[in-house]
Structure formats: structure tokens, C-alpha cells
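Participant: Sharing final_27.txt below, compact mmCIF, C-alpha atoms:
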```txt
# COMPACT_ATOMS: atom_id res chain seq x y z
CA MET M 18 7.46 26.37 -15.92
CA SER M 19 8.32 27.59 -19.40
CA LYS M 20 5.57 27.77 -22.03
CA GLY M 21 7.14 24.81 -23.85
CA ARG M 22 7.15 22.68 -20.74
CA LYS M 23 3.56 23.67 -19.92
CA THR M 24 2.41 22.63 -23.38
CA ARG M 25 4.30 19.37 -23.16
CA SER M 26 2.73 18.69 -19.78
CA ALA M 27 -0.78 19.48 -21.10
CA ILE M 28 -0.27 17.09 -24.02
CA LEU M 29 0.86 14.30 -21.69
CA SER M 30 -2.08 14.82 -19.32
CA GLU M 31 -4.56 14.66 -22.18
CA ALA M 32 -2.82 11.57 -23.61
CA LEU M 33 -2.73 9.80 -20.23
CA SER M 34 -6.43 10.41 -19.71
CA ALA M 35 -7.30 8.98 -23.13
CA VAL M 36 -4.91 6.03 -22.76
CA SER M 37 -6.49 5.02 -19.44
CA THR M 38 -9.77 4.20 -21.19
CA GLU M 39 -8.67 3.50 -24.78
CA GLY M 40 -5.12 2.26 -24.58
CA PHE M 41 -2.37 3.36 -26.94
CA GLN M 42 -4.45 2.27 -29.91
CA GLY M 43 -7.07 4.84 -28.97
CA ILE M 44 -4.82 7.88 -29.26
CA SER M 45 -3.25 9.64 -32.20
CA ILE M 46 -1.32 12.85 -32.59
CA GLY M 47 -4.15 14.26 -34.70
CA MET M 48 -6.78 13.45 -32.06
CA LEU M 49 -4.71 15.02 -29.28
CA ALA M 50 -4.08 18.13 -31.38
CA ASP M 51 -7.85 18.45 -31.89
CA ARG M 52 -8.64 18.10 -28.21
CA LEU M 53 -5.96 20.60 -27.22
CA LYS M 54 -6.84 22.98 -30.06
CA MET M 55 -3.26 22.80 -31.33
CA SER M 56 -1.96 22.23 -34.82
CA LYS M 57 -0.60 18.78 -35.62
CA SER M 58 2.73 20.34 -36.46
CA GLY M 59 2.73 22.12 -33.09
CA LEU M 60 2.24 18.78 -31.38
CA PHE M 61 4.93 17.14 -33.54
CA ALA M 62 7.34 19.78 -32.26
CA HIS M 63 7.04 18.14 -28.84
CA PHE M 64 6.80 14.49 -29.85
CA GLY M 65 8.27 13.58 -33.19
CA SER M 66 6.31 10.34 -33.54
CA LYS M 67 3.53 8.31 -32.00
CA GLU M 68 6.16 6.02 -30.51
CA GLU M 69 7.96 8.92 -28.86
CA LEU M 70 4.63 10.11 -27.42
CA GLU M 71 3.86 6.62 -26.09
CA LYS M 72 7.24 6.41 -24.38
CA ALA M 73 6.73 9.84 -22.81
CA VAL M 74 3.26 8.76 -21.58
CA LEU M 75 4.84 5.73 -19.88
CA GLU M 76 7.48 7.95 -18.30
CA GLU M 77 4.83 10.40 -17.05
CA ALA M 78 2.62 7.59 -15.69
CA GLY M 79 5.66 6.05 -13.96
CA GLN M 80 6.49 9.34 -12.23
CA ARG M 81 2.88 9.78 -11.11
CA PHE M 82 2.72 6.19 -9.86
CA MET M 83 5.88 6.54 -7.82
CA ALA M 84 4.71 9.88 -6.39
CA ALA M 85 1.29 8.45 -5.45
CA VAL M 86 2.26 4.96 -4.30
CA TRP M 87 5.94 4.61 -3.44
CA THR M 88 7.08 8.00 -2.12
CA PRO M 89 4.40 8.33 0.59
CA ALA M 90 4.91 4.68 1.59
CA LYS M 91 8.61 5.33 2.24
CA ALA M 92 7.56 7.63 5.12
CA PHE M 93 6.27 4.55 6.98
CA PRO M 94 8.53 2.34 9.10
CA ARG M 95 10.47 -0.33 7.19
CA GLY M 96 8.87 -3.73 6.88
CA ARG M 97 5.21 -4.61 7.26
CA PRO M 98 3.91 -1.05 7.90
CA ARG M 99 5.52 0.14 4.68
CA ILE M 100 4.06 -2.76 2.69
CA GLU M 101 0.60 -2.03 4.10
CA ALA M 102 1.02 1.59 2.98
CA ILE M 103 2.06 0.47 -0.52
CA PHE M 104 -1.09 -1.63 -0.77
CA ARG M 105 -3.40 1.20 0.38
CA ASN M 106 -1.75 3.70 -1.97
CA TRP M 107 -1.80 1.27 -4.89
CA MET M 108 -5.50 0.57 -4.35
CA ASP M 109 -6.18 4.30 -4.27
CA TRP M 110 -4.16 4.75 -7.44
CA SER M 111 -6.15 1.99 -9.10
CA LEU M 112 -9.55 3.27 -7.95
CA HIS M 113 -9.41 7.05 -7.90
CA THR M 114 -6.57 8.03 -10.19
CA ASP M 115 -6.93 11.70 -10.91
CA GLY M 116 -6.77 12.33 -14.61
CA MET M 117 -7.04 8.62 -15.46
CA PRO M 118 -10.77 7.99 -15.80
CA GLY M 119 -10.23 4.40 -16.98
CA GLY M 120 -8.17 3.38 -13.95
CA CYS M 121 -4.60 2.11 -13.78
CA VAL M 122 -2.92 2.71 -17.13
CA PHE M 123 -0.27 0.09 -16.43
CA MET M 124 -2.80 -2.72 -16.27
CA LYS M 125 -4.48 -1.45 -19.42
CA LEU M 126 -1.18 -1.17 -21.29
CA SER M 127 0.33 -4.40 -19.97
CA ALA M 128 -2.49 -6.32 -21.62
CA GLU M 129 -2.36 -4.19 -24.76
CA VAL M 130 1.34 -4.37 -25.62
CA ASP M 131 2.51 -7.64 -24.02
CA GLU M 132 2.76 -9.29 -27.46
CA LYS M 133 3.81 -6.25 -29.49
CA PRO M 134 7.61 -6.35 -29.74
CA GLY M 135 9.34 -2.98 -29.79
CA PRO M 136 10.77 -0.20 -27.66
CA VAL M 137 7.42 0.70 -26.03
CA ARG M 138 6.83 -2.85 -24.89
CA ASP M 139 10.45 -3.06 -23.66
CA GLN M 140 10.14 0.14 -21.67
CA LEU M 141 6.87 -0.95 -20.02
CA SER M 142 8.25 -4.40 -19.27
CA GLU M 143 11.37 -2.92 -17.65
CA MET M 144 9.31 -0.50 -15.54
CA GLN M 145 7.02 -3.28 -14.40
CA ALA M 146 9.92 -5.63 -13.63
CA ARG M 147 11.47 -2.85 -11.52
CA TRP M 148 8.21 -2.48 -9.61
CA GLN M 149 8.02 -6.22 -8.95
CA ALA M 150 11.62 -6.04 -7.69
CA THR M 151 10.70 -3.12 -5.42
CA LEU M 152 7.80 -5.11 -3.95
CA ALA M 153 10.07 -8.12 -3.43
CA ARG M 154 12.73 -5.93 -1.81
CA SER M 155 10.07 -4.51 0.54
CA ALA M 156 9.08 -8.05 1.54
CA GLN M 157 12.77 -8.91 2.04
CA ILE M 158 13.10 -5.94 4.40
CA ALA M 159 10.03 -7.15 6.31
CA ILE M 160 11.84 -10.48 6.80
CA GLU M 161 14.95 -8.67 8.03
CA GLU M 162 12.84 -6.60 10.43
CA GLY M 163 11.40 -9.81 11.89
CA HIS M 164 7.87 -9.08 10.62
CA PHE M 165 7.72 -11.70 7.88
CA ARG M 166 8.67 -15.38 8.11
CA PRO M 167 12.35 -16.05 7.32
CA ASP M 168 11.32 -18.78 4.85
CA LEU M 169 9.03 -16.47 2.86
CA ASP M 170 9.98 -16.11 -0.82
CA PRO M 171 9.87 -12.32 -1.39
CA ARG M 172 9.33 -12.69 -5.14
CA GLN M 173 6.42 -15.02 -4.54
CA PHE M 174 4.96 -12.37 -2.22
CA ALA M 175 5.27 -9.79 -5.05
CA TYR M 176 3.59 -12.19 -7.52
CA GLU M 177 0.61 -12.71 -5.25
CA MET M 178 0.27 -9.02 -4.41
CA GLN M 179 0.27 -8.23 -8.15
CA GLY M 180 -2.48 -10.82 -8.71
CA ILE M 181 -4.67 -9.29 -5.99
CA LEU M 182 -4.39 -5.83 -7.59
CA MET M 183 -5.03 -7.19 -11.09
CA ALA M 184 -8.16 -8.99 -9.90
CA LEU M 185 -9.29 -5.70 -8.30
CA LYS M 186 -9.16 -3.91 -11.66
CA TYR M 187 -11.06 -6.78 -13.30
CA TYR M 188 -13.75 -7.11 -10.61
CA ARG M 189 -14.19 -3.38 -10.29
CA ARG M 190 -13.86 -2.18 -13.88
CA LEU M 191 -15.15 -5.05 -16.00
CA LEU M 192 -17.54 -6.87 -13.65
CA ARG M 193 -18.54 -3.72 -11.72
CA ASP M 194 -18.68 -5.97 -8.67
CA GLU M 195 -19.70 -4.00 -5.57
CA LYS M 196 -17.52 -6.13 -3.35
CA ALA M 197 -14.35 -5.73 -5.44
CA VAL M 198 -12.58 -3.50 -2.91
CA GLU M 199 -13.59 -5.63 0.05
CA ARG M 200 -12.38 -8.77 -1.72
CA SER M 201 -8.98 -7.28 -2.51
CA GLN M 202 -8.60 -6.11 1.10
CA GLN M 203 -9.55 -9.56 2.36
CA ALA M 204 -7.09 -11.24 -0.02
CA PHE M 205 -4.29 -8.89 1.01
CA ALA M 206 -5.02 -9.25 4.75
CA ASP M 207 -4.77 -12.99 4.22
CA LEU M 208 -1.49 -12.67 2.28
CA LEU M 209 -0.05 -10.52 5.10
CA ALA M 210 -1.24 -12.95 7.79
CA ARG M 211 0.32 -15.98 6.14
CA SER M 212 3.55 -14.09 5.39
CA SER M 213 3.97 -12.85 8.96
CA VAL M 214 5.81 -14.47 11.85
CA ARG M 215 3.26 -16.10 14.16
CA HIS M 216 3.24 -14.85 17.74
CA MET D 18 -20.22 -28.52 -42.54
CA SER D 19 -21.79 -26.38 -45.27
CA LYS D 20 -19.54 -24.06 -47.27
CA GLY D 21 -21.10 -21.06 -45.52
CA ARG D 22 -20.38 -22.48 -42.06
CA LYS D 23 -16.83 -23.37 -43.09
CA THR D 24 -16.18 -19.83 -44.26
CA ARG D 25 -17.70 -18.37 -41.11
CA SER D 26 -15.54 -20.66 -39.00
CA ALA D 27 -12.38 -19.69 -40.96
CA ILE D 28 -13.14 -15.99 -40.44
CA LEU D 29 -13.62 -16.49 -36.71
CA SER D 30 -10.38 -18.47 -36.36
CA GLU D 31 -8.42 -15.78 -38.17
CA ALA D 32 -10.08 -13.06 -36.08
CA LEU D 33 -9.44 -14.89 -32.80
CA SER D 34 -5.77 -15.32 -33.66
CA ALA D 35 -5.36 -11.61 -34.44
CA VAL D 36 -7.38 -10.51 -31.39
CA SER D 37 -5.18 -12.54 -29.05
CA THR D 38 -2.18 -10.36 -29.88
CA GLU D 39 -3.80 -7.09 -31.03
CA GLY D 40 -7.15 -6.90 -29.27
CA PHE D 41 -10.35 -5.80 -31.00
CA GLN D 42 -8.69 -2.54 -32.02
CA GLY D 43 -6.22 -4.53 -34.09
CA ILE D 44 -8.76 -6.17 -36.39
CA SER D 45 -10.95 -4.84 -39.14
CA ILE D 46 -13.22 -6.45 -41.71
CA GLY D 47 -10.92 -5.24 -44.49
CA MET D 48 -7.83 -6.73 -42.85
CA LEU D 49 -9.51 -10.09 -42.31
CA ALA D 50 -10.79 -10.11 -45.90
CA ASP D 51 -7.20 -9.52 -47.09
CA ARG D 52 -5.75 -12.32 -44.96
CA LEU D 53 -8.45 -14.78 -46.03
CA LYS D 54 -8.29 -13.65 -49.68
CA MET D 55 -12.00 -12.83 -49.61
CA SER D 56 -13.82 -9.73 -50.78
CA LYS D 57 -14.97 -7.30 -48.10
CA SER D 58 -18.55 -7.76 -49.29
CA GLY D 59 -18.11 -11.55 -48.94
CA LEU D 60 -17.03 -11.06 -45.37
CA PHE D 61 -19.89 -8.62 -44.70
CA ALA D 62 -22.28 -11.36 -45.79
CA HIS D 63 -21.23 -13.27 -42.64
CA PHE D 64 -20.84 -10.38 -40.22
CA GLY D 65 -22.78 -7.26 -40.98
CA SER D 66 -20.63 -5.00 -38.83
CA LYS D 67 -17.44 -4.89 -36.80
CA GLU D 68 -19.56 -5.11 -33.66
CA GLU D 69 -21.31 -8.25 -34.87
CA LEU D 70 -17.91 -9.77 -35.64
CA GLU D 71 -16.61 -8.88 -32.17
CA LYS D 72 -19.62 -10.49 -30.51
CA ALA D 73 -19.15 -13.64 -32.61
CA VAL D 74 -15.44 -13.75 -31.65
CA LEU D 75 -16.42 -13.61 -27.96
CA GLU D 76 -18.96 -16.40 -28.50
CA GLU D 77 -16.37 -18.54 -30.31
CA ALA D 78 -13.72 -17.91 -27.63
CA GLY D 79 -16.26 -18.77 -24.92
CA GLN D 80 -17.06 -22.10 -26.57
CA ARG D 81 -13.38 -22.95 -26.95
CA PHE D 82 -12.69 -21.97 -23.34
CA MET D 83 -15.48 -24.15 -21.98
CA ALA D 84 -14.40 -27.07 -24.19
CA ALA D 85 -10.75 -26.73 -23.09
CA VAL D 86 -11.18 -25.84 -19.42
CA TRP D 87 -14.61 -26.70 -18.03
CA THR D 88 -15.81 -29.78 -19.94
CA PRO D 89 -12.74 -31.96 -19.23
CA ALA D 90 -12.74 -30.81 -15.57
CA LYS D 91 -16.32 -32.07 -15.14
CA ALA D 92 -15.02 -35.61 -15.68
CA PHE D 93 -13.14 -35.33 -12.36
CA PRO D 94 -14.80 -36.07 -9.00
CA ARG D 95 -16.77 -33.19 -7.49
CA GLY D 96 -14.94 -30.89 -5.11
CA ARG D 97 -11.21 -30.38 -4.83
CA PRO D 98 -10.15 -32.78 -7.64
CA ARG D 99 -12.39 -30.92 -10.07
CA ILE D 100 -11.03 -27.53 -8.98
CA GLU D 101 -7.47 -28.78 -9.43
CA ALA D 102 -8.40 -29.90 -12.95
CA ILE D 103 -9.92 -26.48 -13.71
CA PHE D 104 -6.67 -24.83 -12.65
CA ARG D 105 -4.48 -27.12 -14.78
CA ASN D 106 -6.73 -26.71 -17.81
CA TRP D 107 -6.96 -22.95 -17.37
CA MET D 108 -3.17 -22.68 -17.14
CA ASP D 109 -2.83 -24.76 -20.31
CA TRP D 110 -5.40 -22.55 -22.02
CA SER D 111 -3.47 -19.47 -20.96
CA LEU D 112 -0.06 -20.81 -22.00
CA HIS D 113 -0.54 -22.99 -25.07
CA THR D 114 -3.82 -21.90 -26.61
CA ASP D 115 -3.92 -23.29 -30.13
CA GLY D 116 -4.75 -20.57 -32.58
CA MET D 117 -4.28 -17.80 -30.01
CA PRO D 118 -0.62 -16.83 -30.29
CA GLY D 119 -1.03 -13.91 -27.86
CA GLY D 120 -2.45 -16.05 -25.05
CA CYS D 121 -5.80 -15.81 -23.30
CA VAL D 122 -8.07 -13.51 -25.30
CA PHE D 123 -10.31 -12.89 -22.32
CA MET D 124 -7.54 -11.23 -20.34
CA LYS D 125 -6.55 -9.17 -23.37
CA LEU D 126 -10.13 -8.08 -24.02
CA SER D 127 -11.09 -7.53 -20.39
CA ALA D 128 -8.43 -4.83 -20.15
CA GLU D 129 -9.30 -3.42 -23.57
CA VAL D 130 -13.06 -2.97 -23.27
CA ASP D 131 -13.63 -2.58 -19.52
CA GLU D 132 -14.31 1.14 -19.93
CA LYS D 133 -15.97 1.07 -23.36
CA PRO D 134 -19.73 0.96 -22.75
CA GLY D 135 -21.74 -1.02 -25.29
CA PRO D 136 -23.03 -4.46 -26.21
CA VAL D 137 -19.55 -6.00 -26.64
CA ARG D 138 -18.45 -4.92 -23.18
CA ASP D 139 -21.78 -6.16 -21.74
CA GLN D 140 -21.41 -9.55 -23.39
CA LEU D 141 -17.84 -10.00 -22.16
CA SER D 142 -18.74 -8.83 -18.66
CA GLU D 143 -21.66 -11.29 -18.49
CA MET D 144 -19.50 -14.18 -19.72
CA GLN D 145 -16.80 -13.37 -17.19
CA ALA D 146 -19.31 -12.97 -14.35
CA ARG D 147 -20.73 -16.39 -15.25
CA TRP D 148 -17.24 -17.89 -15.10
CA GLN D 149 -16.59 -16.36 -11.67
CA ALA D 150 -19.93 -17.82 -10.53
CA THR D 151 -18.89 -21.23 -11.89
CA LEU D 152 -15.62 -21.06 -9.95
CA ALA D 153 -17.48 -20.04 -6.79
CA ARG D 154 -20.01 -22.85 -7.29
CA SER D 155 -17.13 -25.34 -7.65
CA ALA D 156 -15.67 -24.10 -4.37
CA GLN D 157 -19.12 -24.39 -2.75
CA ILE D 158 -19.31 -28.03 -3.89
CA ALA D 159 -15.87 -28.64 -2.39
CA ILE D 160 -17.25 -27.38 0.93
CA GLU D 161 -20.26 -29.68 0.62
CA GLU D 162 -17.97 -32.62 -0.16
CA GLY D 163 -16.01 -31.93 3.03
CA HIS D 164 -12.83 -30.95 1.14
CA PHE D 165 -12.90 -27.21 1.82
CA ARG D 166 -13.47 -25.46 5.16
CA PRO D 167 -17.15 -24.79 5.92
CA ASP D 168 -16.33 -21.14 6.68
CA LEU D 169 -14.62 -20.54 3.30
CA ASP D 170 -16.21 -17.79 1.19
CA PRO D 171 -16.55 -19.40 -2.26
CA ARG D 172 -16.63 -16.03 -4.05
CA GLN D 173 -13.45 -14.97 -2.29
CA PHE D 174 -11.87 -18.22 -3.50
CA ALA D 175 -12.89 -17.34 -7.09
CA TYR D 176 -11.45 -13.82 -6.72
CA GLU D 177 -8.08 -15.13 -5.58
CA MET D 178 -7.96 -17.84 -8.25
CA GLN D 179 -8.66 -15.18 -10.91
CA GLY D 180 -5.82 -13.03 -9.53
CA ILE D 181 -3.35 -15.92 -9.71
CA LEU D 182 -4.20 -16.55 -13.38
CA MET D 183 -4.05 -12.84 -14.25
CA ALA D 184 -0.62 -12.54 -12.66
CA LEU D 185 0.46 -15.58 -14.70
CA LYS D 186 -0.41 -13.81 -17.95
CA TYR D 187 1.44 -10.69 -16.79
CA TYR D 188 4.57 -12.47 -15.54
CA ARG D 189 4.70 -14.76 -18.54
CA ARG D 190 3.66 -12.50 -21.40
CA LEU D 191 4.83 -9.03 -20.36
CA LEU D 192 7.75 -9.75 -18.02
CA ARG D 193 8.77 -13.00 -19.77
CA ASP D 194 9.63 -14.27 -16.28
CA GLU D 195 10.99 -17.82 -16.44
CA LYS D 196 9.42 -18.68 -13.12
CA ALA D 197 5.92 -17.47 -14.02
CA VAL D 198 4.41 -20.96 -14.22
CA GLU D 199 6.10 -22.14 -11.04
CA ARG D 200 4.89 -19.03 -9.18
CA SER D 201 1.30 -19.51 -10.26
CA GLN D 202 1.43 -23.19 -9.23
CA GLN D 203 2.89 -22.23 -5.86
CA ALA D 204 0.23 -19.57 -5.31
CA PHE D 205 -2.54 -21.98 -6.24
CA ALA D 206 -1.18 -24.80 -4.06
CA ASP D 207 -1.16 -22.30 -1.21
CA LEU D 208 -4.73 -21.19 -1.94
CA LEU D 209 -5.86 -24.84 -1.97
CA ALA D 210 -4.02 -25.62 1.28
CA ARG D 211 -5.55 -22.71 3.18
CA SER D 212 -9.02 -23.45 1.77
CA SER D 213 -8.94 -27.11 2.72
CA VAL D 214 -10.09 -28.78 5.92
CA ARG D 215 -7.03 -29.55 8.05
CA HIS D 216 -6.52 -33.22 8.90
```
Could I get this file's structure written as C-alpha cells?
Facilitator:
Amino acid sequence: MSKGRKTRSAILSEALSAVSTEGFQGISIGMLADRLKMSKSGLFAHFGSKEELEKAVLEEAGQRFMAAVWTPAKAFPRGRPRIEAIFRNWMDWSLHTDGMPGGCVFMKLSAEVDEKPGPVRDQLSEMQARWQATLARSAQIAIEEGHFRPDLDPRQFAYEMQGILMALKYYRRLLRDEKAVERSQQAFADLLARSSVRH
Amino acid sequence: MSKGRKTRSAILSEALSAVSTEGFQGISIGMLADRLKMSKSGLFAHFGSKEELEKAVLEEAGQRFMAAVWTPAKAFPRGRPRIEAIFRNWMDWSLHTDGMPGGCVFMKLSAEVDEKPGPVRDQLSEMQARWQATLARSAQIAIEEGHFRPDLDPRQFAYEMQGILMALKYYRRLLRDEKAVERSQQAFADLLARSSVRH
């Protein structure tokens, strides 16, 4: 990696870490420059504006999410086994995300920017819509493989899976409920059972 | 209402409206004073600090939530009818909240402060834990009334209901998905059906 790319990567890691607990409103170019012992102008050389930095943070988080959740799941057989792998990986991402002490940045940012029109909101919304489509497509494949009921609505499956993961963040991070993980596993096992063909 | 109480109430309404789109990080005493054409010192006479203001906003939102969601639901018969009323009222609160253009402030703030230790986080966490306990208690009553299965876990019911409402905010506010409401109704109808005693 070139020195420029290394610096850029260090800035993004520091930003992602701060955003996971504070959101976009909690970071500034000046604050990141301080933490990284860089000059503000040095940091501006990499990201010309706060908005550009925010968009790069989303891009970086998206790549990490796909590498942690989606890519390893693709190694599992199509259909239900792959969906079970997505759930496990997504839970791990939400609970133990390296370098994101506040947990899933997407849930943090979804709540932060949902009513703030602009390119950052648009980018996040598009990424999240793509992920919902990926979940729905995975459920569709599980129907085709004969694992899920033919009358299952794949987009409804994605909606309910999203809700289970959002409640996990809330029970675990805000309520500090000891049973948060168990509850999300129970809810997902139930979603799988009622989505599956009965034998 | 005394002039002092009227002013306090006007400040809280303005703050609640801003918090629903911007979160706590988006408000300041100076900004509210500007919007209300008050002096900063006038505003400080009501709320001595930003933290005090935030705690009062939570209190105000909690009272509005209970008046909009819980109180009217209590007029319905115990058990399943009351839980159905809670869901309808909670959806209305989330979608059409008067004076909260950004939607449910609790979902906004839960994501914002979940990893910010302090009295504001503690107050929100306690309020939200109480609400989860109220939902679980309502499910427990539905078991006692013979509406819900005796082996249902009332706290698991509350967890899944919370997830459905969180996904509604996300699908509606971030994704601007036209089917958000329909999906949440479908998910809740399904939760009710699988919680109920089969006839």
C-alpha cells in the first residue's frame, strides 16, 4: 500500500470507530486530525469536505459489512443454509465489530440521517435498499431450492429479519438486556420455521 | 397555565420537533432561543443546562407517547384487543406524530445515545425498559384471558413487537418504501396469529 493509501485508510478507520458511538454529528475533520496527529490541511488533502469524508466512511463500512457478512455466507449452500449463515455473521457484525466500539454503524446512521435530505442520506438509503434486496433474493433462492414455502413473500422475510436485528441492537446496546442475543436467536429460529416447507 | 409554564411548554415543543429530525446533537439552547425569539438567558431560566433540557424533552415525549399510545389502548378489553390497540396507536404515533416531523423520537434517540454513558442515556434506557415491561405485561394478560398460548414467552412477544416497529421506521423513513406500513401490519398479524390459542 502506498503511503497515501495507508493514511487514507487510517483516517477512515479512526472515523468509523468514532461514528459507531457518536454518529456523523460526532466527528469533524479537526477532531480526526487531532486524534491522528495530522494537520487539518493534511486531512483535507484526502477528503475535501465533511460530506466527502462521510460518503467515504459509508463506502468503507459497506465493504467491511460485505466482507464480514455476505462473502463468507456465499460459501454455504444456496437456500436456507446460506440464510442461516447470513444471520450468524450479521449478529457477529452487530455484536463484536472490530474497530466499531458502538456496534453496527448502519443502524446508528440510519436513525441519524433518515430525515436529513442530501447525498449522504441518498447513498446510505441506496446501500440499505440493496441489502434488503439481497436478503429478499436469498429468501427467493430458498423457495427455489424447496427449503422455503412457495407462498412466502421474500420481501416480507427481509423486513422481519431486519426487525429482529434492529431489536437486537436496541436490547443489547440501549437496554443492556442480558437475554438480547438469545431473544434474537429465538425470533430468527421462529422466522425460519414458519418460512420453511413443513415435512 | 401561568406564563412561565406556557413558555416552558413552547420551548419543549420546539425542542421535540427539532430532536425528531436532528437528534439531541442537532439542538442547542442558543438555537432554540433564536427560533422562539427569546434571549439565551431567558431560556436558561427554564433549563439550566443542555442536559436538563434533554431530560425534560424525554419526559415530555414520554408523556405524549403514553397519552397517544397507552391511555387510549387501556379503554379496550384486556388481552388481545388491547394489544391490537397498542399496535395501531404505536403505528400512528410513529407515522403521523403531531409536532414530530422526523417521526418517533424514541427510535431516533435510542440509536443516538445508546453508547453515550450519562444521566440522559440512563433515563431513556429506563423509560424504554418500562415500555418493554408494559408490552410483556399486556401479553401476559392475554395469556391469562385465554387469548394467547399458555406457553408464550411474554418478553419474547415484546421483543418481536419492538422489532416490527423499528423496521417500520427504517423502511418508511430511510428507505421510503411504499409498502412499509403494509409490511409492518402483515408482520404483526403473523405475530398475533402465532401467539394466539388455536381454535
Participant: Each residue of chain M lying at most 7 Å from chain D should get a row with its shortest atom-to-atom pair and the distance in Å to one decimal, counting all atoms listed in the file; could you produce that, ordered by chain and increasing number, as a tab-separated table?
Facilitator:
```
residue	atom	partner	partner_atom	distance
M:Thr38	CA	D:Glu132	CA	5.6
M:Gln42	CA	D:Gln42	CA	6.8
M:Gly119	CA	D:Glu132	CA	6.0
M:Lys125	CA	D:Ala128	CA	5.2
M:Ser127	CA	D:Leu191	CA	6.5
M:Ala128	CA	D:Lys125	CA	5.3
M:Glu129	CA	D:Lys125	CA	6.7
M:Asp131	CA	D:Leu191	CA	4.6
M:Glu132	CA	D:Thr38	CA	5.6
M:Ser142	CA	D:Leu192	CA	5.5
M:Ala146	CA	D:Leu192	CA	6.4
M:Gln173	CA	D:Arg200	CA	6.3
M:Tyr176	CA	D:Ala184	CA	6.7
M:Glu177	CA	D:Ile181	CA	6.8
M:Gln179	CA	D:Ala184	CA	6.3
M:Gly180	CA	D:Gly180	CA	4.1
M:Ile181	CA	D:Gly180	CA	5.3
M:Met183	CA	D:Gly180	CA	6.1
M:Ala184	CA	D:Gly180	CA	4.7
M:Arg190	CA	D:Asp131	CA	5.7
M:Leu191	CA	D:Asp131	CA	4.6
M:Leu192	CA	D:Ser142	CA	5.5
M:Arg200	CA	D:Gln173	CA	6.3
M:Ala204	CA	D:Glu177	CA	6.9
```
Participant: Restricting the calculation to only C-alpha atoms: of D:Leu75, D:Leu29, D:Leu152, D:Leu60, which residue gets closest to Glu101 of chain D?
Facilitator: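 Of D:Leu75, D:Leu29, D:Leu152, D:Leu60, the one nearest Glu101 of chain D is D:Leu152, counting only C-alpha atoms.
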Participant: Please determine, counting all atoms listed in the file, which residue among D:Ile100, D:Leu53, D:Met108, D:Ala35 has the shortest atom-to-atom distance to Ser213 of chain D.
Facilitator: D:Ile100
Participant: Go ahead and compute the interatomic distance for atom CA of Ser45 of chain M and atom CA of Phe123 of chain M, in Å to one decimal.
Facilitator: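 A separation of 18.7 Å between them.
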Participant: What separation in Å, quoted to one decimal, exists between atom CA of Val86 of chain D and atom CA of Leu112 of chain D?
Facilitator: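 Between atom CA of Val86 of chain D and atom CA of Leu112 of chain D the gap is 12.5 Å.
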Participant: Residues at most 10 Å from Arg105 of chain M, counting all atoms listed in the file, excluding those fewer than 6 positions away in the same chain, as a list of chain:residue names?
Facilitator: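 The residues satisfying every condition are M:Val86, M:Ala90, M:Arg99, M:Ser111, M:Gln202.
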Participant: Got a sec: who's within 12 Å of Trp87 of chain D, counting all atoms listed in the file, leaving out chain neighbours fewer than 3 positions off, as an NGL selection string?
Facilitator: :D and (79-84 or 90-93 or 99-107 or 110 or 148 or 151-152 or 155)
